[in-house]
Structures are given as C-alpha cells and as structure tokens.
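Q: data-v8.txt is the file, holding compact mmCIF, C-alpha atoms:
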# COMPACT_ATOMS: atom_id res chain seq x y z
CA MET A 1 -117.58 -0.04 -17.31
CA LYS A 2 -119.68 -0.74 -14.25
CA GLN A 3 -121.90 2.23 -13.31
CA GLN A 4 -121.30 3.20 -9.69
CA ASN A 5 -124.18 4.76 -7.77
CA TYR A 6 -122.22 8.00 -7.21
CA ALA A 7 -121.97 8.28 -11.00
CA GLN A 8 -125.68 7.88 -11.70
CA GLY A 9 -128.41 10.41 -12.31
CA PHE A 10 -126.34 13.01 -14.13
CA TRP A 11 -126.67 14.45 -17.60
CA ASN A 12 -125.07 12.78 -20.56
CA PRO A 13 -121.48 14.13 -20.47
CA TYR A 14 -121.60 15.43 -24.05
CA ALA A 15 -124.91 17.21 -23.41
CA ALA A 16 -123.50 18.68 -20.17
CA GLY A 17 -120.42 19.79 -22.11
CA VAL A 18 -122.47 21.55 -24.78
CA ALA A 19 -124.51 23.28 -22.03
CA LEU A 20 -121.30 24.35 -20.31
CA GLY A 21 -119.92 25.56 -23.64
CA LEU A 22 -123.02 27.68 -24.23
CA VAL A 23 -122.63 29.27 -20.78
CA LEU A 24 -118.99 30.01 -21.66
CA LEU A 25 -119.99 31.41 -25.05
CA LEU A 26 -122.57 33.69 -23.40
CA THR A 27 -119.87 34.87 -20.98
CA PHE A 28 -117.52 35.78 -23.84
CA TYR A 29 -120.36 37.53 -25.69
CA LEU A 30 -121.31 39.60 -22.66
CA MET A 31 -117.95 40.21 -21.00
CA GLY A 32 -115.16 39.47 -23.50
CA THR A 33 -113.56 37.19 -20.93
CA GLY A 34 -114.42 33.64 -19.91
CA LEU A 35 -115.30 31.79 -16.74
CA GLY A 36 -113.01 31.39 -13.74
CA ALA A 37 -112.75 30.19 -10.17
CA SER A 38 -109.26 30.31 -8.66
CA GLY A 39 -109.09 34.12 -8.75
CA ALA A 40 -111.94 34.19 -6.25
CA VAL A 41 -110.08 31.77 -3.97
CA ALA A 42 -106.96 33.97 -4.13
CA ARG A 43 -109.00 37.05 -3.18
CA THR A 44 -110.64 35.13 -0.33
CA ALA A 45 -107.20 34.07 0.92
CA ALA A 46 -106.01 37.69 0.79
CA VAL A 47 -109.07 39.00 2.67
CA ILE A 48 -108.82 36.37 5.44
CA ALA A 49 -105.13 37.15 5.93
CA HIS A 50 -105.93 40.87 5.87
CA GLU A 51 -108.45 40.43 8.70
CA VAL A 52 -105.67 38.94 10.84
CA ASN A 53 -102.78 41.18 9.84
CA PRO A 54 -103.63 44.09 7.53
CA SER A 55 -100.22 45.73 7.39
CA THR A 56 -98.36 42.55 6.42
CA VAL A 57 -100.86 41.77 3.66
CA GLU A 58 -100.81 45.31 2.28
CA ALA A 59 -97.01 45.13 2.18
CA ASN A 60 -96.91 41.62 0.71
CA PRO A 61 -95.54 41.81 -2.85
CA TYR A 62 -98.28 39.51 -4.19
CA PHE A 63 -101.33 40.49 -2.12
CA LYS A 64 -100.67 44.25 -2.36
CA GLU A 65 -102.13 44.16 -5.90
CA PHE A 66 -105.53 43.62 -4.25
CA TYR A 67 -105.02 46.53 -1.82
CA LYS A 68 -103.95 49.44 -3.98
CA PRO A 69 -104.87 52.84 -2.48
CA GLY A 70 -108.43 53.79 -3.45
CA ALA A 71 -109.20 50.32 -4.81
CA ARG A 72 -112.48 48.54 -4.07
CA ASN A 73 -112.68 45.80 -1.50
CA PRO A 74 -110.94 42.78 -3.11
CA LEU A 75 -114.22 40.85 -2.87
CA VAL A 76 -116.12 43.41 -4.97
CA ASN A 77 -114.87 41.82 -8.14
CA TRP A 78 -116.35 40.05 -11.16
CA ILE A 79 -114.85 36.63 -10.46
CA VAL A 80 -115.86 36.68 -6.79
CA PHE A 81 -119.47 37.44 -7.73
CA GLU A 82 -119.33 34.74 -10.40
CA VAL A 83 -118.18 32.16 -7.84
CA LEU A 84 -120.98 33.30 -5.50
CA GLY A 85 -123.28 32.44 -8.40
CA VAL A 86 -121.60 29.03 -8.69
CA PHE A 87 -122.46 28.38 -5.02
CA LEU A 88 -126.09 29.32 -5.66
CA GLY A 89 -126.45 27.46 -8.96
CA ALA A 90 -124.82 24.29 -7.62
CA LEU A 91 -126.99 24.50 -4.49
CA VAL A 92 -130.18 24.68 -6.54
CA ALA A 93 -128.94 21.81 -8.72
CA VAL A 94 -128.09 19.65 -5.68
CA LEU A 95 -131.35 20.34 -3.89
CA THR A 96 -133.61 19.85 -6.92
CA ALA A 97 -131.87 16.54 -7.67
CA ARG A 98 -132.15 15.54 -3.97
CA ARG A 99 -128.43 14.82 -4.02
CA PHE A 100 -127.30 16.70 -0.92
CA GLY A 101 -125.60 14.39 1.54
CA PRO A 102 -122.67 14.85 3.92
CA GLY A 103 -119.89 12.46 3.02
CA VAL A 104 -116.35 11.93 1.81
CA GLY A 105 -115.68 10.92 -1.80
CA ARG A 106 -112.99 8.20 -1.72
CA GLY A 107 -112.13 4.77 -3.05
CA PRO A 108 -113.75 1.73 -1.39
CA THR A 109 -110.62 0.80 0.60
CA ALA A 110 -109.33 4.29 1.44
CA GLY A 111 -109.85 5.62 4.96
CA VAL A 112 -111.58 8.90 5.74
CA GLY A 113 -108.52 10.32 7.51
CA LEU A 114 -106.25 9.48 4.58
CA ARG A 115 -108.67 10.96 2.07
CA LEU A 116 -109.19 14.21 4.00
CA SER A 117 -105.42 14.66 4.52
CA LEU A 118 -104.74 14.10 0.84
CA ALA A 119 -107.58 16.46 -0.12
CA PHE A 120 -106.00 19.16 2.04
CA GLY A 121 -102.49 18.46 0.74
CA GLY A 122 -103.70 18.36 -2.85
CA GLY A 123 -105.46 21.66 -2.25
CA ILE A 124 -102.19 23.24 -1.10
CA VAL A 125 -100.26 22.07 -4.17
CA GLY A 126 -103.11 22.84 -6.56
CA GLY A 127 -103.62 26.28 -4.99
CA ILE A 128 -99.96 27.15 -5.54
CA GLY A 129 -100.31 25.86 -9.11
CA THR A 130 -103.22 28.20 -9.83
CA ARG A 131 -101.10 31.22 -8.86
CA PHE A 132 -98.15 30.32 -11.10
CA ALA A 133 -100.53 29.53 -13.96
CA MET A 134 -102.76 32.57 -13.28
CA GLY A 135 -105.82 30.39 -13.49
CA CYS A 136 -107.25 26.91 -13.20
CA THR A 137 -109.29 24.41 -15.19
CA SER A 138 -112.06 27.01 -15.64
CA GLY A 139 -110.09 30.13 -16.43
CA GLN A 140 -107.07 28.70 -18.22
CA ALA A 141 -107.90 25.25 -19.60
CA LEU A 142 -111.53 25.82 -20.57
CA SER A 143 -111.83 29.56 -21.27
CA GLY A 144 -108.29 30.12 -22.52
CA GLY A 145 -108.47 26.83 -24.40
CA ALA A 146 -111.63 27.87 -26.26
CA THR A 147 -109.90 31.05 -27.42
CA MET A 148 -106.81 29.03 -28.40
CA ALA A 149 -104.42 30.93 -26.13
CA VAL A 150 -100.98 29.28 -26.16
CA GLY A 151 -100.37 29.42 -22.39
CA SER A 152 -103.78 27.90 -21.68
CA TRP A 153 -103.03 24.88 -23.87
CA VAL A 154 -99.58 24.50 -22.31
CA PHE A 155 -101.30 24.57 -18.90
CA MET A 156 -103.98 22.06 -19.92
CA ILE A 157 -101.48 19.58 -21.37
CA ALA A 158 -99.25 19.90 -18.27
CA VAL A 159 -102.22 19.35 -15.95
CA PHE A 160 -103.42 16.17 -17.62
CA ALA A 161 -99.95 14.70 -18.28
CA THR A 162 -99.03 15.22 -14.61
CA ALA A 163 -102.36 14.03 -13.23
CA PHE A 164 -102.35 10.78 -15.25
CA THR A 165 -98.82 10.09 -13.96
CA ALA A 166 -99.43 11.12 -10.35
CA ALA A 167 -102.66 9.10 -10.24
CA TYR A 168 -100.64 5.88 -10.35
CA PHE A 169 -99.00 6.77 -7.03
CA VAL A 170 -102.25 7.59 -5.24
CA ARG A 171 -104.32 4.76 -6.73
CA ARG A 172 -105.06 3.38 -3.24
CA GLU A 173 -106.91 6.62 -2.50
CA TRP A 174 -109.40 5.98 -5.30
CA SER A 175 -109.47 2.18 -5.73
CA MET B 1 -125.77 43.75 -30.92
CA THR B 2 -122.10 43.02 -31.49
CA GLY B 3 -120.19 41.62 -28.54
CA PRO B 4 -118.27 41.59 -26.32
CA LEU B 5 -120.85 43.97 -24.86
CA TYR B 6 -118.99 44.94 -21.67
CA LEU B 7 -115.75 45.80 -23.44
CA TRP B 8 -117.76 47.92 -25.88
CA GLY B 9 -119.31 49.84 -23.00
CA VAL B 10 -122.89 48.57 -23.40
CA PHE B 11 -123.20 48.19 -19.62
CA GLY B 12 -121.13 49.29 -16.65
CA TYR B 13 -119.21 47.71 -13.81
CA SER B 14 -122.05 47.33 -11.32
CA SER B 15 -124.28 45.68 -13.95
CA SER B 16 -121.40 43.34 -14.76
CA LEU B 17 -121.42 42.11 -11.15
CA TRP B 18 -125.09 41.11 -11.41
CA ILE B 19 -124.33 39.39 -14.69
CA ALA B 20 -121.46 37.59 -12.91
CA VAL B 21 -123.88 36.12 -10.37
CA GLY B 22 -126.22 34.96 -13.16
CA ILE B 23 -123.40 33.47 -15.23
CA GLY B 24 -121.98 31.77 -12.14
CA PHE B 25 -125.41 30.36 -11.32
CA LEU B 26 -125.61 28.67 -14.73
CA PHE B 27 -121.99 27.53 -14.46
CA GLY B 28 -122.52 25.95 -11.04
CA PHE B 29 -125.81 24.34 -12.07
CA VAL B 30 -124.26 22.69 -15.13
CA LEU B 31 -121.15 21.55 -13.22
CA GLU B 32 -123.36 19.81 -10.67
CA ARG B 33 -125.53 18.20 -13.34
CA ALA B 34 -122.35 16.97 -15.07
CA GLY B 35 -121.50 15.04 -11.88
CA PHE B 36 -118.58 17.28 -10.91
CA GLY B 37 -119.55 17.60 -7.25
CA ASP B 38 -117.95 14.26 -6.37
CA ALA B 39 -114.17 13.77 -6.48
CA ARG B 40 -114.60 10.18 -7.70
CA ASN B 41 -116.35 11.36 -10.85
CA LEU B 42 -113.48 13.81 -11.38
CA THR B 43 -110.56 11.44 -10.80
CA ASN B 44 -111.96 8.31 -12.47
CA ILE B 45 -110.61 9.68 -15.76
CA PHE B 46 -107.05 9.11 -14.50
CA TYR B 47 -107.83 5.42 -13.94
CA PHE B 48 -109.68 5.01 -17.26
CA ARG B 49 -112.87 4.10 -15.38
CA ASP B 50 -115.08 6.94 -16.55
CA MET B 51 -113.80 9.56 -18.98
CA ARG B 52 -116.61 12.06 -18.38
CA VAL B 53 -114.20 14.87 -17.43
CA LEU B 54 -112.65 14.74 -20.89
CA LYS B 55 -116.03 14.42 -22.62
CA VAL B 56 -117.52 17.39 -20.77
CA MET B 57 -114.45 19.61 -21.03
CA PHE B 58 -113.74 19.07 -24.68
CA SER B 59 -117.35 19.31 -25.83
CA ALA B 60 -117.63 22.57 -23.84
CA LEU B 61 -114.39 23.87 -25.33
CA LEU B 62 -115.50 22.98 -28.88
CA THR B 63 -118.94 24.56 -28.37
CA ALA B 64 -117.50 27.87 -27.15
CA MET B 65 -114.62 27.91 -29.65
CA LEU B 66 -116.87 27.24 -32.67
CA GLY B 67 -119.60 29.47 -31.25
CA LEU B 68 -117.25 32.45 -31.09
CA ILE B 69 -116.10 31.83 -34.65
CA VAL B 70 -119.67 31.53 -35.97
CA LEU B 71 -120.74 34.66 -34.06
CA SER B 72 -117.81 36.55 -35.57
CA TRP B 73 -118.80 35.34 -39.08
CA ILE B 74 -122.32 36.72 -38.69
CA GLY B 75 -121.06 39.95 -37.13
CA LEU B 76 -122.29 39.36 -33.59
CA PHE B 77 -118.85 39.08 -32.00
CA ASP B 78 -115.75 41.14 -32.67
CA TYR B 79 -112.94 38.61 -32.49
CA SER B 80 -110.23 41.27 -32.80
CA THR B 81 -111.36 42.88 -29.52
CA LEU B 82 -110.82 39.52 -27.87
CA LEU B 83 -107.36 39.17 -29.41
CA GLU B 84 -106.22 42.68 -28.54
CA VAL B 85 -107.87 43.30 -25.19
CA SER B 86 -108.99 40.24 -23.28
CA LEU B 87 -107.20 37.09 -24.51
CA LEU B 88 -105.28 35.49 -21.64
CA LYS B 89 -101.59 36.28 -21.88
CA THR B 90 -99.03 33.53 -22.18
CA TYR B 91 -96.25 33.25 -19.60
CA LEU B 92 -94.81 30.04 -20.93
CA TRP B 93 -92.65 28.59 -18.13
CA PRO B 94 -94.72 29.67 -15.13
CA GLN B 95 -97.83 28.27 -16.81
CA LEU B 96 -96.06 24.98 -17.48
CA VAL B 97 -94.87 24.75 -13.85
CA GLY B 98 -98.30 25.89 -12.63
CA GLY B 99 -99.91 23.16 -14.74
CA ILE B 100 -97.63 20.49 -13.27
CA LEU B 101 -98.40 21.59 -9.70
CA PHE B 102 -102.10 21.89 -10.52
CA GLY B 103 -102.15 18.39 -12.06
CA LEU B 104 -100.51 16.98 -8.92
CA GLY B 105 -103.07 18.75 -6.75
CA PHE B 106 -105.93 17.52 -8.94
CA ALA B 107 -104.87 13.84 -8.86
CA ILE B 108 -104.07 13.88 -5.13
CA GLY B 109 -106.77 16.26 -3.91
CA GLY B 110 -109.50 15.14 -6.28
CA TYR B 111 -110.89 18.57 -7.13
CA CYS B 112 -110.14 21.78 -8.93
CA PRO B 113 -111.21 25.19 -7.58
CA GLY B 114 -114.61 25.41 -9.31
CA THR B 115 -115.59 21.81 -8.70
CA SER B 116 -114.57 22.04 -5.03
CA VAL B 117 -117.27 24.69 -4.64
CA VAL B 118 -119.82 22.28 -6.15
CA GLY B 119 -118.49 19.54 -3.84
CA ILE B 120 -118.87 21.79 -0.77
CA VAL B 121 -122.46 22.57 -1.70
CA SER B 122 -123.10 18.83 -2.20
CA GLY B 123 -121.98 18.20 1.40
CA LYS B 124 -118.58 16.69 0.64
CA LEU B 125 -116.12 17.10 3.52
CA ASP B 126 -113.16 16.32 1.26
CA ALA B 127 -114.17 19.30 -0.90
CA ILE B 128 -114.02 21.54 2.18
CA ALA B 129 -110.56 20.14 3.00
CA PHE B 130 -109.43 20.82 -0.58
CA PHE B 131 -110.75 24.39 -0.48
CA LEU B 132 -108.98 25.09 2.84
CA GLY B 133 -105.83 23.58 1.37
CA MET B 134 -106.02 25.98 -1.57
CA ILE B 135 -106.29 28.96 0.80
CA ALA B 136 -103.19 27.71 2.65
CA GLY B 137 -101.37 27.13 -0.64
CA ILE B 138 -102.11 30.66 -1.82
CA TRP B 139 -100.82 32.06 1.49
CA PHE B 140 -97.64 30.06 0.94
CA PHE B 141 -97.34 31.42 -2.61
CA ALA B 142 -97.81 34.99 -1.39
CA ALA B 143 -95.42 34.54 1.54
CA GLY B 144 -92.61 33.41 -0.75
CA PHE B 145 -93.44 35.78 -3.60
CA SER B 146 -90.18 37.70 -3.28
CA LEU B 147 -88.39 34.44 -4.12
CA TRP B 148 -90.43 33.45 -7.19
CA GLY B 149 -92.05 36.71 -8.28
CA GLY B 150 -89.45 37.13 -11.03
CA PHE B 151 -90.17 33.66 -12.42
CA TYR B 152 -93.92 34.28 -12.13
CA MET B 153 -93.73 37.15 -14.64
CA SER B 154 -91.09 35.55 -16.90
CA SER B 155 -91.31 34.29 -20.51
CA ASP B 156 -94.09 36.79 -21.28
CA LEU B 157 -95.23 36.06 -24.85
CA GLY B 158 -98.19 38.42 -24.63
CA ARG B 159 -101.60 37.67 -26.12
CA LEU B 160 -100.59 34.80 -28.36
CA THR B 161 -102.86 32.22 -29.98
CA LEU B 162 -102.00 28.76 -31.23
CA TRP B 163 -102.71 29.69 -34.84
CA GLN B 164 -100.38 32.70 -34.62
CA ALA B 165 -97.68 30.50 -33.08
CA PHE B 166 -98.08 27.86 -35.80
CA GLY B 167 -98.51 30.42 -38.59
CA ILE B 168 -101.85 29.14 -39.88
CA SER B 169 -105.32 30.68 -40.01
CA ARG B 170 -107.68 30.77 -37.04
CA ASP B 171 -110.28 28.59 -38.69
CA TRP B 172 -107.78 25.91 -39.75
CA MET B 173 -106.50 25.80 -36.16
CA ALA B 174 -110.06 25.38 -34.92
CA LEU B 175 -110.60 22.55 -37.40
CA LEU B 176 -107.45 20.80 -36.17
CA ILE B 177 -108.69 21.09 -32.59
CA VAL B 178 -112.07 19.66 -33.60
CA ILE B 179 -110.38 16.67 -35.27
CA MET B 180 -108.16 16.16 -32.22
CA ALA B 181 -111.16 16.31 -29.88
CA LEU B 182 -113.15 13.82 -31.98
CA ALA B 183 -110.16 11.45 -31.86
CA ALA B 184 -110.01 11.92 -28.08
CA PHE B 185 -113.76 11.16 -27.77
CA TRP B 186 -113.22 7.95 -29.71
CA LEU B 187 -110.23 7.02 -27.52
CA THR B 188 -112.28 7.46 -24.32
CA GLY B 189 -114.32 4.41 -25.32
CA LEU B 190 -111.16 2.34 -25.68
CA GLY B 191 -109.81 3.70 -22.37
CA GLU B 192 -112.95 2.74 -20.48
CA LYS B 193 -112.76 -0.79 -21.92
CA TRP B 194 -109.06 -1.00 -21.06
CA ALA B 195 -109.50 0.06 -17.38
CA PRO B 196 -105.95 -1.05 -16.43
CA TYR B 197 -106.40 -0.45 -12.70
CA ASP B 198 -109.45 -2.67 -12.34
CA LYS B 199 -108.12 -6.03 -13.48
Represent the supplied structure as structure tokens.
A:
Amino acid sequence: MKQQNYAQGFWNPYAAGVALGLVLLLTFYLMGTGLGASGAVARTAAVIAHEVNPSTVEANPYFKEFYKPGARNPLVNWIVFEVLGVFLGALVAVLTARRFGPGVGRGPTAGVGLRLSLAFGGGIVGGIGTRFAMGCTSGQALSGGATMAVGSWVFMIAVFATAFTAAYFVRREWS
Amino acid sequence: MTGPLYLWGVFGYSSSLWIAVGIGFLFGFVLERAGFGDARNLTNIFYFRDMRVLKVMFSALLTAMLGLIVLSWIGLFDYSTLLEVSLLKTYLWPQLVGGILFGLGFAIGGYCPGTSVVGIVSGKLDAIAFFLGMIAGIWFFAAGFSLWGGFYMSSDLGRLTLWQAFGISRDWMALLIVIMALAAFWLTGLGEKWAPYDK
C-alpha cells in the first residue's frame, strides 16, 4: 500500500483503537452507557426546526418526544454535551498536530461539486439510517457492539455489507 | 468503587453533563489522532486501500468488551446493571434497515455522525455538507414518521445479548468475538495487498 500524505502523521491504528476502547470503557464505568453522536444531531435538527415552527415540531409524532411538557431544553442532554466535547477534543487535536486546513476530501479525479453533492446526499441517507437504527457507528456499532447487544451487531454487519457493495458504484468519487 | 457510578447514584445529572464534555473531549481527540477527520481515510477501507477503520473499531470494541468483563471479575463493574438497565434494546428489522441506509450514506457521503464533527473541525467542507445532509435527513424522517413509526418500534426483542441469543456463556461469546476480530486483523493485510480497485 502506498502511503498517501492525507494518511500520514496519525497514531498506529491499533494503538488508536485501544485508546478509543479505554475511553469507551471509562464511559461505561462512569455512566453505564457508551459513546454516541447521532442523538445529538437529531436533537439539533429538532431545535432548528423548532426555532422556525414551534407548533409543528411540538405536534410532530417523532420530535414531540424532545418537547414533553416540563422537559428540559432538548440540547441540555448528555449526548449533546458529549458531542460538544468531541468538537473541543478534535479541535485541540487538529491544532496541536497543525493539521487544520480548509479543503474537500475526495479522490484525485473527482470534482469538488460532485464530492460536495454526494456528501450532502450521503448525509441525508445516513441521517435517516441513524433514526431507524436508533444510533450510529459510535452508539450502536461500537458501544452496543462492545456490550454484545444483538441489534448493534445486526446494524454493524448491515452497515459494512452495504458500504462495501455501494462503494463499487461510487468508486469514481474516491479513486 | 463499583460502577456504573451514575446508575448507582454516585453523582447527579448536572455532574454527568460535565463528565459528558470530558468524555467527548477524549473521544474527539482520539478520533482525530486515528485519522478519522478525513473522508478518504474513512472510505479507503471499502476499496481495500487502507483498512484502518476496521483496525481501530475492532481493537476499540475488544478493549472495551474485555475491559468490562475484567472489571466485573474484580468487582469494579456490575454487569447485571448493564444488562437490566442500560443495554441497547434490539429492534431487529428497523436496525437492519437502518444499517443498510447508514452503510449507503457512509460509502456515498464518506463520514458517519461522529467523524463528520472531526472533519468539520479539521476544515473539511465535505464534512459540513454531510452534517447538513444529516439534519435534512432527520427532518425527512420526522416529517414522515406517521408512515413508518409503526415499523420503527417493531420487532422489539428487548435487551438481548448475542450470548443469550446463542445460548452460550458471556465469556465464551467474548472469546469467539476475539477470535473473529483477530482473523479480521489478519485479513486486513491480505486486503491491502489485494487492492482490487488500484490495478
């Protein structure tokens, strides 16, 4: 394998994995639950929509869970604060490694417009997926996987089987 | 002190939010150092160019899985609290469909929710596009919830683990997962040599 410059300067993947596993273990020890990310995106989506049209969101059969009478603001929530921490931790990591740089990650022959459109479209499909699965790679695959939850393993296997197949059809994006 | 501390009432909700920021900080730092702020490092696995996603994910999964078992052996973690209170519930079909959609989004969009945050902080415009796409997707999901809300809550198997489903002990299941992961680590080397898209 030829080492690309965007792939250089990082930790050994197994060492990074053990470090990530220790963070996850600490989370289970402290909280009883694991890490997550997509729940914070869902709450952000609900709050943005609520700013525009509160009554529709409070009546929406999915979003109304976040707006029960007497409930806290949907953003005052464990997973939202955790993702705020992710922003901060990643920022410190990027700055201390001098890796910050505006750009678009894409294959050498893929255009910026194509890549940004596919990133947006992939975000739509992936975002819908996180709601049906009640989690993402962090919450379901990693955290649920480490506790051997059946649904988390079903999710993880479905994600990778689909992604390896779908990758063939978008190979121009990355090659 | 025996964990999980929060579920045993060692600290309260507002303390848990500060802990969340600290945990998230470590999580974000490690994700960046693993190289997960760039979509190419995340999708190269699907082209057998660089299998780091599998290496990082499975070594993290093994570390936490074995760590919880060892902590429960030495009395520092109450595994039954996890099983009865906080284990993620299984909704079989929605999680399968969710995984298929998520896998499509991952291969096409190049990120997952957590890594898109790392990508945004790294300055990646495609990560911003992915994040905005997720917001739009979640709006779509909520808008049509009356159509698929029934499916969303269907095939509820409760808090079910693999070892319960297969009728074996927890520690044997963990051993099987370790063996499977070691085989997968070995296969990553073959995959990177194979590199079928780069011939």
Q: Using all atoms listed in the file, which of the listed residues (B:Ile179, B:Ile23, B:Ile45, B:Val10) sits closest to Trp174 in chain A?
A: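 Looking at the shortest contact to Trp174 in chain A, the residue is B:Ile45.
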Q: So how far away is CA of Ala34 in chain B from CA of Phe10 in chain A, in Å?
A: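 These atoms are spaced 5.7 Å apart.
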Q: Between CA of Ala127 in chain B and CA of Ala158 in chain A, measure the distance and give it in Å to one decimal.
A: 22.9 Å
Q: Quick one: everything within 12 Å of Gly126 in chain A, counting all atoms listed in the file, minus sequence neighbours fewer than 6 positions away in the same chain. Send it as an MDAnalysis selection string.
A: (chainID A and resid 38 41 118:120 132:137 159 162:163) or (chainID B and resid 97:113 116 130:138 140:141)
Q: For the atom pair CA of Ser152 in chain A and CA of Leu187 in chain B, what is the interatomic distance in Å to one decimal place?
A: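 Distance reported for this atom pair: 22.6 Å.
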Q: Can you work out which one of A:Arg131, A:Leu88, A:Thr33, A:Gly21 has the shortest atom-to-atom distance to Phe63 in chain A, counting all atoms listed in the file?
A: A:Arg131
Q: Determine the nearest neighbour of Val117 in chain B from the options A:Gly111, A:Gly103, A:Trp153, A:Phe87, counting all atoms listed in the file.
A: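 Once distances to Val117 in chain B are computed over all atoms listed in the file, the minimum belongs to A:Phe87.
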Q: In terms of the shortest atom-to-atom distance over all atoms listed in the file, which of A:Val92, A:Val104, A:Val18, A:Ala45 is closest to Leu116 in chain A?
A: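 Answer, going by the shortest atom-to-atom distance: A:Val104.
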Q: Of the candidates A:Arg72, A:Arg106, A:Lys64, A:His50, which one gets nearest to chain B if we count all atoms listed in the file?
A: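 That would be A:Arg106, the residue with the smallest distance to chain B.
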Q: With distances taken over all atoms listed in the file, which residue among A:Gly127, A:Ser143, A:Ile157, A:Arg171 lies nearest chain B?
A: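 Among A:Gly127, A:Ser143, A:Ile157, A:Arg171, it is A:Gly127 that comes nearest to chain B.
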Q: Extract, using all atoms listed in the file, all DNA, RNA and protein residues at most 12 Å from Val178 in chain B, discarding same-chain residues fewer than 3 positions from it, and format them as a ChimeraX atom specification.
A: /A:146,148 /B:58-66,171-175,181-185
Q: Just want the 7 Å neighbourhood of range 146-154 of chain B, counted on all atoms listed in the file, with same-chain residues fewer than 6 positions away dropped. Output as a tab-separated table (two decimals) with C-alpha atoms, in the frame of the given file.
A:
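Saved as out_2.tsv:
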chain	number	residue	atom	x	y	z
A	61	PRO	CA	-95.54	41.81	-2.85
A	132	PHE	CA	-98.15	30.32	-11.10
B	91	TYR	CA	-96.25	33.25	-19.60
B	94	PRO	CA	-94.72	29.67	-15.13
Q: Would you place a box with edges along x, y and z of the file around all atoms of range 150-159 of chain A listed there, add 4 Å to each of its six sides, and report the centre and edge lengths in Å to one decimal, as JSON?
A:
{"center_x": -101.6, "center_y": 24.4, "center_z": -21.1, "size_x": 12.7, "size_y": 18.1, "size_z": 18.2}
Q: Write out as a PyMOL selection string each polymer residue whose atoms come within 10 Å of Leu160 in chain B, counting all atoms listed in the file; drop sequence neighbours fewer than 3 positions from it.
A: (chain A and resi 148-151) or (chain B and resi 83-84+87-91+156-157+163-165)
Q: Please write N, CA and C atoms of range 15-37 of chain B, from the structure given just now, as a short mmCIF file (atom, residue, chain, number, x, y, z; two decimals), in the first residue's frame.
A:
data_model
loop_
_atom_site.label_atom_id
_atom_site.label_comp_id
_atom_site.auth_asym_id
_atom_site.auth_seq_id
_atom_site.Cartn_x
_atom_site.Cartn_y
_atom_site.Cartn_z
N SER B 15 -23.72 16.88 37.19
CA SER B 15 -22.32 16.41 37.13
C SER B 15 -22.12 15.57 35.88
N SER B 16 -23.14 14.78 35.52
CA SER B 16 -22.99 13.89 34.36
C SER B 16 -22.77 14.71 33.09
N LEU B 17 -23.32 15.92 33.03
CA LEU B 17 -23.13 16.74 31.84
C LEU B 17 -21.68 17.21 31.73
N TRP B 18 -21.06 17.54 32.87
CA TRP B 18 -19.64 17.92 32.83
C TRP B 18 -18.79 16.73 32.43
N ILE B 19 -19.14 15.56 32.96
CA ILE B 19 -18.43 14.34 32.58
C ILE B 19 -18.58 14.10 31.08
N ALA B 20 -19.78 14.38 30.55
CA ALA B 20 -20.03 14.20 29.11
C ALA B 20 -19.06 15.03 28.28
N VAL B 21 -18.83 16.27 28.70
CA VAL B 21 -17.90 17.13 27.95
C VAL B 21 -16.49 16.54 27.99
N GLY B 22 -16.08 16.07 29.17
CA GLY B 22 -14.75 15.48 29.31
C GLY B 22 -14.58 14.21 28.50
N ILE B 23 -15.59 13.34 28.57
CA ILE B 23 -15.56 12.10 27.79
C ILE B 23 -15.51 12.43 26.30
N GLY B 24 -16.37 13.36 25.88
CA GLY B 24 -16.42 13.76 24.48
C GLY B 24 -15.08 14.32 24.02
N PHE B 25 -14.44 15.09 24.90
CA PHE B 25 -13.13 15.66 24.57
C PHE B 25 -12.14 14.54 24.21
N LEU B 26 -12.08 13.53 25.08
CA LEU B 26 -11.16 12.40 24.83
C LEU B 26 -11.55 11.66 23.55
N PHE B 27 -12.85 11.47 23.38
CA PHE B 27 -13.38 10.78 22.19
C PHE B 27 -12.96 11.52 20.92
N GLY B 28 -13.19 12.81 20.89
CA GLY B 28 -12.86 13.61 19.71
C GLY B 28 -11.37 13.65 19.45
N PHE B 29 -10.58 13.76 20.54
CA PHE B 29 -9.12 13.80 20.40
C PHE B 29 -8.62 12.51 19.75
N VAL B 30 -9.09 11.37 20.27
CA VAL B 30 -8.62 10.08 19.74
C VAL B 30 -9.09 9.88 18.30
N LEU B 31 -10.34 10.26 17.99
CA LEU B 31 -10.83 10.10 16.62
C LEU B 31 -9.95 10.87 15.64
N GLU B 32 -9.56 12.09 16.05
CA GLU B 32 -8.71 12.89 15.15
C GLU B 32 -7.36 12.23 14.98
N ARG B 33 -6.77 11.78 16.09
CA ARG B 33 -5.45 11.15 16.04
C ARG B 33 -5.47 9.83 15.28
N ALA B 34 -6.66 9.21 15.17
CA ALA B 34 -6.78 7.97 14.40
C ALA B 34 -6.83 8.26 12.90
N GLY B 35 -6.99 9.53 12.54
CA GLY B 35 -7.08 9.91 11.13
C GLY B 35 -8.50 10.01 10.61
N PHE B 36 -9.48 10.05 11.54
CA PHE B 36 -10.88 9.98 11.13
C PHE B 36 -11.49 11.34 10.78
N GLY B 37 -10.67 12.36 10.62
CA GLY B 37 -11.19 13.66 10.21
C GLY B 37 -11.19 13.84 8.70
#
